$ cat model15.tsv   # TSV, C-alpha atoms and all ligand atoms
chain	number	residue	atom	x	y	z
I	1	MET	CA	22.33	110.91	103.33
I	2	GLY	CA	23.56	108.47	105.92
I	3	ALA	CA	27.20	108.84	106.92
I	4	GLY	CA	29.73	107.31	109.24
I	5	ARG	CA	31.31	104.36	107.48
I	6	THR	CA	34.93	104.91	106.51
I	7	GLY	CA	37.03	103.28	103.82
I	8	THR	CA	40.25	103.50	101.83
I	9	ILE	CA	40.48	104.50	98.18
I	10	LEU	CA	41.90	101.67	96.08
I	11	LYS	CA	41.77	103.65	92.85
I	12	GLY	CA	40.08	106.57	91.16
I	13	VAL	CA	39.39	106.60	87.44
I	14	GLY	CA	37.41	109.30	85.63
I	15	GLY	CA	35.72	110.61	88.77
I	16	LEU	CA	34.69	107.14	89.93
I	17	TYR	CA	36.44	105.85	93.05
I	18	THR	CA	36.73	102.25	94.22
I	19	VAL	CA	36.65	102.30	98.01
I	20	TYR	CA	37.52	99.37	100.30
I	21	SER	CA	35.67	99.15	103.60
I	22	SER	CA	35.60	96.16	105.99
I	23	GLY	CA	36.07	93.49	103.34
I	24	GLU	CA	33.79	95.08	100.73
I	25	THR	CA	34.42	97.45	97.84
I	26	PHE	CA	32.11	100.24	96.71
I	27	GLU	CA	32.05	102.41	93.60
I	28	CYS	CA	31.66	106.01	94.73
I	29	ARG	CA	31.50	109.52	93.37
I	30	LEU	CA	32.54	112.69	95.17
I	31	ARG	CA	29.98	114.77	97.02
I	32	GLY	CA	29.65	118.08	95.14
I	33	SER	CA	30.94	120.13	98.04
I	34	ILE	CA	34.25	118.25	98.20
I	35	ARG	CA	34.73	119.10	94.58
I	36	LEU	CA	34.09	122.76	95.38
I	37	GLU	CA	36.66	122.69	98.19
I	38	GLY	CA	39.18	121.63	95.56
I	39	ILE	CA	40.11	118.39	97.30
I	40	ARG	CA	41.08	115.65	94.90
I	41	PRO	CA	41.13	112.33	96.73
I	42	VAL	CA	43.94	110.00	95.70
I	43	THR	CA	44.73	106.31	96.06
I	44	GLY	CA	45.42	105.52	99.72
I	45	ASP	CA	43.17	108.27	101.05
I	46	ASN	CA	40.90	107.39	103.96
I	47	VAL	CA	37.40	108.71	103.35
I	48	VAL	CA	33.97	108.94	104.94
I	49	LEU	CA	31.29	107.18	102.90
I	50	GLU	CA	27.70	108.27	102.53
I	51	THR	CA	24.62	106.38	101.41
I	52	GLU	CA	22.00	108.07	99.30
I	53	PRO	CA	18.41	108.00	100.54
I	54	GLY	CA	16.61	104.82	99.56
I	55	SER	CA	19.85	102.90	99.07
I	56	SER	CA	21.67	100.60	101.47
I	57	VAL	CA	24.97	100.75	99.62
I	58	PRO	CA	27.45	103.62	100.08
I	59	SER	CA	27.96	105.47	96.81
I	60	VAL	CA	29.28	108.89	97.78
I	61	ILE	CA	32.56	110.09	99.30
I	62	GLY	CA	31.48	112.69	101.85
I	63	SER	CA	34.90	113.82	103.02
I	64	VAL	CA	38.58	112.97	103.00
I	65	LEU	CA	40.15	112.25	106.39
I	66	PRO	CA	43.41	114.02	107.30
I	67	ARG	CA	46.43	112.63	105.44
I	68	ARG	CA	49.70	111.50	106.97
I	69	ASN	CA	51.40	112.47	103.74
I	70	VAL	CA	50.70	112.79	100.05
I	71	LEU	CA	52.98	112.21	97.08
I	72	VAL	CA	52.59	114.05	93.80
I	73	ARG	CA	54.33	111.38	91.75
I	74	PRO	CA	53.20	108.66	92.02
I	75	ARG	CA	49.91	110.17	93.22
I	76	ALA	CA	49.17	108.45	96.51
I	77	ALA	CA	48.48	109.26	100.16
I	78	ASN	CA	49.25	107.76	103.58
I	79	ILE	CA	52.38	105.97	102.45
I	80	ASP	CA	54.91	104.30	104.75
I	81	GLN	CA	57.54	103.76	102.09
I	82	ILE	CA	58.36	104.20	98.42
I	83	VAL	CA	59.65	101.13	96.63
I	84	LEU	CA	61.77	102.55	93.82
I	85	VAL	CA	62.17	100.09	90.99
I	86	ILE	CA	64.90	100.35	88.37
I	87	ALA	CA	66.05	97.93	85.67
I	88	SER	CA	69.67	96.83	85.36
I	89	LEU	CA	69.80	97.51	81.62
I	90	SER	CA	66.50	98.10	79.83
I	91	PRO	CA	64.87	100.59	80.07
I	92	ALA	CA	68.17	102.42	80.54
I	93	PRO	CA	68.43	103.22	84.26
I	94	ASP	CA	67.93	106.92	85.04
I	95	LEU	CA	69.78	107.42	88.30
I	96	PHE	CA	68.85	111.12	88.50
I	97	LEU	CA	65.27	109.88	88.76
I	98	VAL	CA	66.29	107.57	91.63
I	99	ASP	CA	68.08	110.45	93.37
I	100	LYS	CA	65.06	112.73	92.99
I	101	LEU	CA	62.66	110.04	94.23
I	102	LEU	CA	64.83	109.48	97.30
I	103	ILE	CA	64.68	113.22	97.96
I	104	ALA	CA	60.89	113.18	97.47
I	105	ALA	CA	60.63	110.31	99.97
I	106	GLY	CA	62.68	112.32	102.45
I	107	VAL	CA	60.52	115.42	101.99
I	108	ALA	CA	57.31	113.38	102.42
I	109	GLY	CA	58.80	111.66	105.45
I	110	THR	CA	58.42	108.15	104.07
I	111	GLY	CA	60.96	105.33	103.98
I	112	ALA	CA	62.52	104.16	100.74
I	113	VAL	CA	63.68	100.83	99.37
I	114	LEU	CA	65.49	100.43	96.04
I	115	VAL	CA	64.71	97.37	93.95
I	116	ILE	CA	67.12	96.72	91.09
I	117	ASN	CA	65.12	94.42	88.84
I	118	LYS	CA	65.94	92.57	85.62
I	119	ALA	CA	69.29	91.52	87.08
I	120	ASP	CA	69.17	88.68	84.54
I	121	GLN	CA	69.87	91.30	81.84
I	122	ASP	CA	73.11	92.62	83.35
I	123	GLU	CA	74.27	91.26	86.72
I	124	ALA	CA	77.29	93.60	86.89
I	125	ALA	CA	75.21	96.72	86.20
I	126	ALA	CA	72.72	95.67	88.89
I	127	ALA	CA	75.55	95.24	91.39
I	128	ASP	CA	76.96	98.64	90.44
I	129	ILE	CA	73.64	100.40	91.08
I	130	ALA	CA	73.38	98.64	94.46
I	131	GLU	CA	76.91	99.85	95.25
I	132	GLN	CA	75.94	103.44	94.37
I	133	TYR	CA	72.99	103.45	96.77
I	134	LYS	CA	74.11	101.16	99.59
I	135	GLY	CA	74.50	104.10	101.96
I	136	ALA	CA	71.18	105.68	100.95
I	137	ALA	CA	68.59	102.90	101.07
I	138	GLN	CA	68.11	99.17	101.38
I	139	CYS	CA	68.99	97.77	97.94
I	140	ILE	CA	67.38	94.54	96.72
I	141	ILE	CA	68.50	92.87	93.49
I	142	THR	CA	65.72	90.90	91.77
I	143	LYS	CA	64.75	88.96	88.65
I	144	ALA	CA	60.99	89.14	88.89
I	145	LEU	CA	60.41	86.82	85.94
I	146	ASP	CA	62.52	84.02	87.40
I	147	SER	CA	60.00	82.02	89.42
I	148	ASP	CA	62.74	79.82	91.00
I	149	ASP	CA	65.15	82.57	91.96
I	150	HIS	CA	63.36	85.95	91.86
I	151	GLY	CA	65.10	87.31	94.94
I	152	LEU	CA	61.97	89.05	96.21
I	153	GLU	CA	62.04	87.68	99.79
I	154	PRO	CA	63.89	90.68	101.27
I	155	LEU	CA	61.27	92.93	99.62
I	156	LEU	CA	58.44	90.93	101.21
I	157	ALA	CA	60.09	91.38	104.59
I	158	ALA	CA	60.40	95.13	103.95
I	159	LEU	CA	56.73	95.39	102.97
I	160	LYS	CA	55.33	93.63	106.03
I	161	GLY	CA	52.76	95.61	107.97
I	162	ARG	CA	53.26	98.69	105.81
I	163	THR	CA	51.67	100.57	102.94
I	164	SER	CA	54.16	100.88	100.10
I	165	VAL	CA	54.02	102.43	96.66
I	166	LEU	CA	55.91	101.10	93.64
I	167	ALA	CA	57.55	103.90	91.67
I	168	GLY	CA	59.86	104.17	88.71
I	169	GLN	CA	60.26	104.31	84.95
I	170	SER	CA	57.80	102.56	82.68
I	171	GLY	CA	58.74	98.97	81.89
I	172	VAL	CA	61.09	98.31	84.82
I	173	GLY	CA	58.81	95.54	86.13
I	174	LYS	CA	56.69	97.14	88.86
I	175	SER	CA	53.50	95.28	87.94
I	176	THR	CA	55.44	92.05	87.39
I	177	ILE	CA	56.83	92.33	90.93
I	178	LEU	CA	53.34	92.98	92.27
I	179	ASN	CA	52.10	89.88	90.48
I	180	MET	CA	54.81	87.74	92.02
I	181	LEU	CA	54.08	89.11	95.48
I	182	THR	CA	50.35	88.53	95.23
I	183	ASP	CA	50.54	85.09	93.62
I	184	GLY	CA	48.71	86.49	90.63
I	185	ALA	CA	45.80	87.84	92.69
I	186	TYR	CA	46.34	91.10	90.86
I	187	MET	CA	45.48	89.35	87.60
I	188	ALA	CA	42.32	88.07	89.22
I	189	THR	CA	41.17	91.67	89.68
I	190	GLY	CA	41.00	91.96	85.92
I	191	SER	CA	43.42	94.86	85.81
I	192	ILE	CA	45.86	92.82	83.79
I	193	SER	CA	45.13	89.83	81.60
I	194	GLU	CA	47.13	86.65	81.43
I	195	LYS	CA	47.81	87.32	77.80
I	196	THR	CA	49.20	90.83	78.22
I	197	LEU	CA	51.33	89.76	81.18
I	198	ARG	CA	53.54	88.05	78.64
I	199	GLY	CA	53.59	91.13	76.43
I	200	ARG	CA	53.56	94.80	77.35
I	201	HIS	CA	50.95	96.22	79.65
I	202	THR	CA	51.35	99.77	80.84
I	203	THR	CA	49.74	100.62	84.16
I	204	ARG	CA	47.34	103.54	83.71
I	205	HIS	CA	46.48	104.56	87.27
I	206	ALA	CA	47.64	104.11	90.83
I	207	GLU	CA	45.86	101.19	92.49
I	208	LEU	CA	46.16	99.77	95.99
I	209	PHE	CA	46.30	96.01	96.60
I	210	PRO	CA	46.31	94.07	99.83
I	211	ILE	CA	49.08	91.46	99.89
I	212	SER	CA	47.47	88.22	100.99
I	213	GLY	CA	47.95	84.48	100.54
I	214	LYS	CA	51.04	82.81	101.88
I	215	TYR	CA	52.64	86.12	102.80
I	216	ALA	CA	49.76	87.45	104.88
I	217	ASP	CA	50.93	86.93	108.44
I	218	GLU	CA	50.89	90.71	108.78
I	219	PRO	CA	48.66	92.83	106.56
I	220	SER	CA	50.57	94.75	103.93
I	221	PHE	CA	49.35	97.04	101.20
I	222	ILE	CA	51.07	97.90	97.98
I	223	ILE	CA	50.20	100.49	95.37
I	224	ASP	CA	51.07	99.86	91.75
I	225	SER	CA	51.49	103.06	89.77
I	226	PRO	CA	52.06	104.22	86.20
I	227	GLY	CA	55.70	104.58	85.24
I	228	PHE	CA	57.17	108.03	84.60
I	229	SER	CA	60.43	109.40	83.31
I	230	LEU	CA	60.13	113.05	84.31
I	231	LEU	CA	60.12	114.14	87.92
I	232	GLU	CA	60.37	117.70	89.17
I	233	LEU	CA	63.07	118.10	91.80
I	234	GLU	CA	61.50	118.93	95.18
I	235	ASP	CA	61.31	122.63	95.96
I	236	ILE	CA	63.92	122.74	98.71
I	237	ALA	CA	66.62	125.27	99.53
I	238	PRO	CA	69.98	124.30	97.99
I	239	ARG	CA	71.62	124.18	101.43
I	240	ASP	CA	69.01	121.63	102.57
I	241	LEU	CA	69.83	119.18	99.79
I	242	SER	CA	72.45	117.25	101.77
I	243	ALA	CA	69.88	116.59	104.50
I	244	TYR	CA	68.33	114.10	102.06
I	245	TYR	CA	71.61	112.22	101.55
I	246	PRO	CA	72.04	109.73	104.41
I	247	GLU	CA	75.66	109.17	103.36
I	248	VAL	CA	76.37	112.83	104.13
I	249	TYR	CA	74.04	114.15	106.80
I	250	ASN	CA	75.58	112.22	109.68
I	251	HIS	CA	78.73	114.26	109.09
I	252	GLU	CA	76.97	117.62	108.88
I	253	GLY	CA	78.99	120.19	110.82
I	254	GLU	CA	82.35	118.57	110.15
I	255	CYS	CA	83.21	120.90	107.27
I	256	ARG	CA	85.34	124.00	107.76
I	257	PHE	CA	82.45	126.28	106.81
I	258	GLN	CA	79.22	125.88	108.69
I	259	ASP	CA	77.12	126.57	105.60
I	260	CYS	CA	79.23	124.33	103.36
I	261	SER	CA	77.38	123.29	100.22
I	262	HIS	CA	79.71	120.27	99.77
I	263	THR	CA	80.25	121.23	96.14
I	264	GLY	CA	83.94	122.14	96.27
I	265	GLU	CA	84.67	124.43	99.24
I	266	PRO	CA	88.02	124.00	101.00
I	267	GLY	CA	87.89	121.93	104.17
I	268	CYS	CA	84.80	120.00	103.06
I	269	PHE	CA	84.66	116.46	104.43
I	270	VAL	CA	82.57	115.05	101.54
I	271	PRO	CA	85.46	114.37	99.10
I	272	GLY	CA	86.95	112.23	101.90
I	273	LEU	CA	83.73	110.22	102.07
I	274	VAL	CA	83.93	109.75	98.32
I	275	GLU	CA	87.52	108.51	98.61
I	276	THR	CA	86.63	105.88	101.20
I	277	GLY	CA	83.66	104.76	99.10
I	278	ALA	CA	81.09	105.78	101.72
I	279	PHE	CA	79.64	108.24	99.19
I	280	HIS	CA	79.74	106.89	95.65
I	281	PRO	CA	81.62	109.19	93.22
I	282	GLU	CA	78.86	109.09	90.59
I	283	ARG	CA	76.17	109.83	93.16
I	284	TYR	CA	78.32	112.74	94.36
I	285	GLU	CA	78.59	114.09	90.79
I	286	ARG	CA	74.80	113.93	90.50
I	287	TYR	CA	74.47	115.66	93.90
I	288	LYS	CA	76.48	118.59	92.53
I	289	VAL	CA	74.29	118.78	89.41
I	290	LEU	CA	71.11	118.76	91.51
I	291	TYR	CA	72.60	121.39	93.84
I	292	ARG	CA	73.26	123.69	90.88
I	293	GLU	CA	69.73	123.11	89.62
I	294	LEU	CA	68.32	124.21	93.00
I	295	GLU	CA	70.63	127.23	93.04
I	296	THR	CA	69.53	128.33	89.56
I	297	ARG	CA	65.93	127.88	90.58
I	298	GLU	CA	66.45	130.02	93.68
I	299	LYS	CA	68.06	132.79	91.63
I	300	ASN	CA	65.23	132.75	89.12
I	301	LYS	CA	62.73	133.06	91.94
I	302	TYR	CA	64.24	136.40	92.89
I	303	LYS	CA	64.59	137.56	89.29
I	304	ASN	CA	60.98	137.13	88.29
I	305	LYS	CA	57.87	136.36	90.25
I	306	ARG	CA	56.71	133.73	87.82
I	307	GLY	CA	56.95	131.14	90.60
I	308	LEU	CA	57.74	127.50	90.03
I	401	LIG	N1	64.22	90.13	81.61
I	401	LIG	C1	63.36	90.50	82.53
I	401	LIG	N2	62.18	91.05	82.16
I	401	LIG	C2	61.33	91.43	83.14
I	401	LIG	C3	61.63	91.29	84.51
I	401	LIG	N3	60.59	91.78	85.22
I	401	LIG	C4	59.68	92.21	84.33
I	401	LIG	N4	60.10	92.00	83.06
I	401	LIG	C5	59.40	92.33	81.81
I	401	LIG	O1	59.44	93.72	81.61
I	401	LIG	C6	58.28	94.19	80.93
I	401	LIG	C7	57.63	95.35	81.68
I	401	LIG	O2	57.16	94.88	82.92
I	401	LIG	P1	55.97	95.61	83.71
I	401	LIG	O3	55.82	94.87	84.98
I	401	LIG	O4	54.78	95.80	82.87
I	401	LIG	O5	56.65	97.05	83.95
I	401	LIG	P2	56.03	98.29	84.77
I	401	LIG	O6	57.14	98.87	85.55
I	401	LIG	O7	54.82	97.88	85.51
I	401	LIG	O8	55.67	99.31	83.58
I	401	LIG	P3	54.54	100.50	83.61
I	401	LIG	O9	53.26	99.92	84.09
I	401	LIG	O10	54.49	100.98	82.20
I	401	LIG	O11	55.07	101.56	84.53
I	401	LIG	C8	57.37	92.97	80.80
I	401	LIG	O12	57.51	92.46	79.50
I	401	LIG	C9	57.91	92.00	81.83
I	401	LIG	O13	57.67	90.66	81.48
I	401	LIG	C10	62.88	90.70	84.87
I	401	LIG	O14	63.24	90.54	86.03
I	401	LIG	N5	63.70	90.34	83.84
I	402	MG	MG	52.88	98.51	85.48
I	403	ZN	ZN	81.13	120.25	102.96

$ encode --input "model15.tsv" --output "structure tokens" --more "lines below"
Ligand SMILES: Nc1nc2c(ncn2[C@@H]2O[C@H](COP(=O)(O)OP(=O)(O)OP(=O)(O)O)[C@@H](O)[C@H]2O)c(=O)[nH]1
Ligand SMILES: [Mg+2]
Ligand SMILES: [Zn+2]
Amino acid sequence: MGAGRTGTILKGVGGLYTVYSSGETFECRLRGSIRLEGIRPVTGDNVVLETEPGSSVPSVIGSVLPRRNVLVRPRAANIDQIVLVIASLSPAPDLFLVDKLLIAAGVAGTGAVLVINKADQDEAAAADIAEQYKGAAQCIITKALDSDDHGLEPLLAALKGRTSVLAGQSGVGKSTILNMLTDGAYMATGSISEKTLRGRHTTRHAELFPISGKYADEPSFIIDSPGFSLLELEDIAPRDLSAYYPEVYNHEGECRFQDCSHTGEPGCFVPGLVETGAFHPERYERYKVLYRELETREKNKYKNKRGL
């Protein structure tokens, strides 16, 4: 087999991978030995392509190049930032999911942007969510269906020159946003039909799209992904949790106790941050719930060796 050409996985469905390489796409399978090594390539992976004897077209993924990072949910590699999408009203916003995704972004070392979509449904609720997260991430309020006033320009600016992955509950408007950003080029790929765009169309697999057209002064890539409502909290030590809260970590060391958990000890500076509004009270309540969840998990780890 000839080797040497490299490419990027756009998507993988049922063992067949679509790989982009210098302006062309190729349908490829995995070389048997990669399968044996237990490596499962994911969308965004950079790979080495091989050509089978007698063919001039690459059809085999020979190896996966080292990853900068890899996310479990959504499944994607080599990501610069996660674009968390939430709806103002419907589907009912799950802010624990947002908190956990922000933690996952921190653990993976990627940036994070929060898009509060469907602001047309409940403007006040959208503003409230933005208020809750203003100290944690850039918050962008959008109405993706409103072609005159969708509010997506700040998102375009945030995407520029980066590889981003859309993440969030099903039905919040991730694919709709992608369609707006790509001037419908996504539809042209056949992944979504004009008819279903008006109705419901659930994304089935993570797929990478280049953002081109009028926005293409710097190449950007965006991955659409299937929505999810369950997300395992990252396996971190309880005392490390606050490191993933930008509102709090700048003040680390200002509490009376060096190992303060910020869940109610005397002399903790966090309630003060909540009073001034720098740390939103509801986000703080969720922090305490997540802290307890990590603590319980740690205790169970000692109790039985089931693992997590
Ligand atoms: N009212 C309103 N509806 C919207 C908006 N954006 C998207 N929708 C609608 O919400 C529904 C779901 O949108 P999708 O883009 O398919 O949602 P998704 O997040 O990709 O969902 P999954 O692929 O299942 O994860 C569609 O009917 C869209 O037309 C918006 O800003 N306002
Ligand atoms: Mg979708
Ligand atoms: Zn504290």

$ residues_around --input "model15.tsv" --residues "I:Pro238" --least-positions-apart "4" --cutoff "9 Å" --atoms "only C-alpha atoms" --output "list of chain:residue names"
I:Ser242, I:Ser261, I:Leu290, I:Tyr291, I:Arg292, I:Glu293, I:Leu294, I:Glu295, I:Glu298

$ closest_atom_pairs --input "model15.tsv" --of "chain I" --to "ligand ZN 403 (chain I)" --cutoff "9 Å" --atoms "only C-alpha atoms and all ligand atoms" --output "Markdown table"
| residue | atom | partner | partner_atom | distance |
| --- | --- | --- | --- | --- |
| I:Val248 | CA | I:ZN403 | ZN | 8.9 |
| I:His251 | CA | I:ZN403 | ZN | 8.9 |
| I:Glu252 | CA | I:ZN403 | ZN | 7.7 |
| I:Gly253 | CA | I:ZN403 | ZN | 8.1 |
| I:Glu254 | CA | I:ZN403 | ZN | 7.5 |
| I:Cys255 | CA | I:ZN403 | ZN | 4.8 |
| I:Arg256 | CA | I:ZN403 | ZN | 7.4 |
| I:Phe257 | CA | I:ZN403 | ZN | 7.3 |
| I:Gln258 | CA | I:ZN403 | ZN | 8.3 |
| I:Asp259 | CA | I:ZN403 | ZN | 7.9 |
| I:Cys260 | CA | I:ZN403 | ZN | 4.5 |
| I:Ser261 | CA | I:ZN403 | ZN | 5.6 |
| I:His262 | CA | I:ZN403 | ZN | 3.5 |
| I:Thr263 | CA | I:ZN403 | ZN | 6.9 |
| I:Gly264 | CA | I:ZN403 | ZN | 7.5 |
| I:Glu265 | CA | I:ZN403 | ZN | 6.6 |
| I:Pro266 | CA | I:ZN403 | ZN | 8.1 |
| I:Gly267 | CA | I:ZN403 | ZN | 7.1 |
| I:Cys268 | CA | I:ZN403 | ZN | 3.7 |
| I:Phe269 | CA | I:ZN403 | ZN | 5.4 |
| I:Val270 | CA | I:ZN403 | ZN | 5.6 |
| I:Pro271 | CA | I:ZN403 | ZN | 8.3 |

$ atom_distance --input "model15.tsv" --atom1 "atom CA of I:Val115" --atom2 "atom CA of I:Val85"
4.8 Å

$ closest_residue --input "model15.tsv" --among "I:Gly272, I:Pro210, I:Pro74, I:Gly168" --to "I:Val98" --atoms "only C-alpha atoms"
I:Gly168

$ residues_near_ligand --input "model15.tsv" --ligand "ligand MG 402 (chain I)" --cutoff "6 Å" --atoms "all atoms listed in the file" --output "VMD selection string"
chain I and resid 174 to 175 202 to 203 226

$ residues_near_ligand --input "model15.tsv" --ligand "ligand LIG 401 (chain I)" --cutoff "6 Å" --atoms "all atoms listed in the file" --output "ChimeraX atom specification"
/I:117-118,120-121,143-145,169-176,198-203,226-227

$ residues_around --input "model15.tsv" --residues "I:Arg5" --least-positions-apart "6" --cutoff "8 Å" --atoms "all atoms listed in the file" --output "list in words"
Ser21, Val48, Leu49 and Glu50 of chain I

$ decode --input "model15.tsv" --residues "stretch 256-296 of chain I" --atoms "C-alpha atoms" --output "JSON list (two decimals), in the first residue's frame"
[["chain", "number", "residue", "atom", "x", "y", "z"],
["I", 256, "ARG", "CA", -9.23, 31.26, 55.67],
["I", 257, "PHE", "CA", -8.50, 27.58, 55.05],
["I", 258, "GLN", "CA", -6.04, 26.72, 52.33],
["I", 259, "ASP", "CA", -7.99, 23.64, 51.28],
["I", 260, "CYS", "CA", -11.36, 25.42, 51.40],
["I", 261, "SER", "CA", -14.01, 23.62, 49.38],
["I", 262, "HIS", "CA", -16.09, 26.83, 49.13],
["I", 263, "THR", "CA", -19.18, 24.93, 50.24],
["I", 264, "GLY", "CA", -19.79, 26.60, 53.60],
["I", 265, "GLU", "CA", -16.54, 26.82, 55.60],
["I", 266, "PRO", "CA", -16.06, 29.91, 57.79],
["I", 267, "GLY", "CA", -13.87, 32.60, 56.26],
["I", 268, "CYS", "CA", -14.66, 31.53, 52.69],
["I", 269, "PHE", "CA", -14.58, 34.40, 50.21],
["I", 270, "VAL", "CA", -17.08, 32.81, 47.77],
["I", 271, "PRO", "CA", -20.31, 33.94, 49.51],
["I", 272, "GLY", "CA", -18.93, 37.49, 49.15],
["I", 273, "LEU", "CA", -18.56, 36.96, 45.41],
["I", 274, "VAL", "CA", -22.15, 35.74, 45.31],
["I", 275, "GLU", "CA", -23.31, 38.86, 47.16],
["I", 276, "THR", "CA", -21.63, 41.21, 44.70],
["I", 277, "GLY", "CA", -23.06, 39.25, 41.77],
["I", 278, "ALA", "CA", -19.64, 38.17, 40.49],
["I", 279, "PHE", "CA", -20.67, 34.54, 41.08],
["I", 280, "HIS", "CA", -24.34, 33.94, 40.33],
["I", 281, "PRO", "CA", -26.26, 32.48, 43.31],
["I", 282, "GLU", "CA", -27.89, 29.73, 41.23],
["I", 283, "ARG", "CA", -24.58, 28.74, 39.66],
["I", 284, "TYR", "CA", -23.12, 28.63, 43.18],
["I", 285, "GLU", "CA", -25.94, 26.32, 44.35],
["I", 286, "ARG", "CA", -25.19, 24.02, 41.42],
["I", 287, "TYR", "CA", -21.46, 24.16, 42.25],
["I", 288, "LYS", "CA", -22.26, 22.82, 45.73],
["I", 289, "VAL", "CA", -24.38, 20.00, 44.28],
["I", 290, "LEU", "CA", -21.61, 19.01, 41.85],
["I", 291, "TYR", "CA", -19.05, 19.20, 44.68],
["I", 292, "ARG", "CA", -21.11, 16.76, 46.75],
["I", 293, "GLU", "CA", -21.45, 14.46, 43.75],
["I", 294, "LEU", "CA", -17.65, 14.36, 43.37],
["I", 295, "GLU", "CA", -17.23, 13.76, 47.10],
["I", 296, "THR", "CA", -19.68, 10.84, 47.07]]
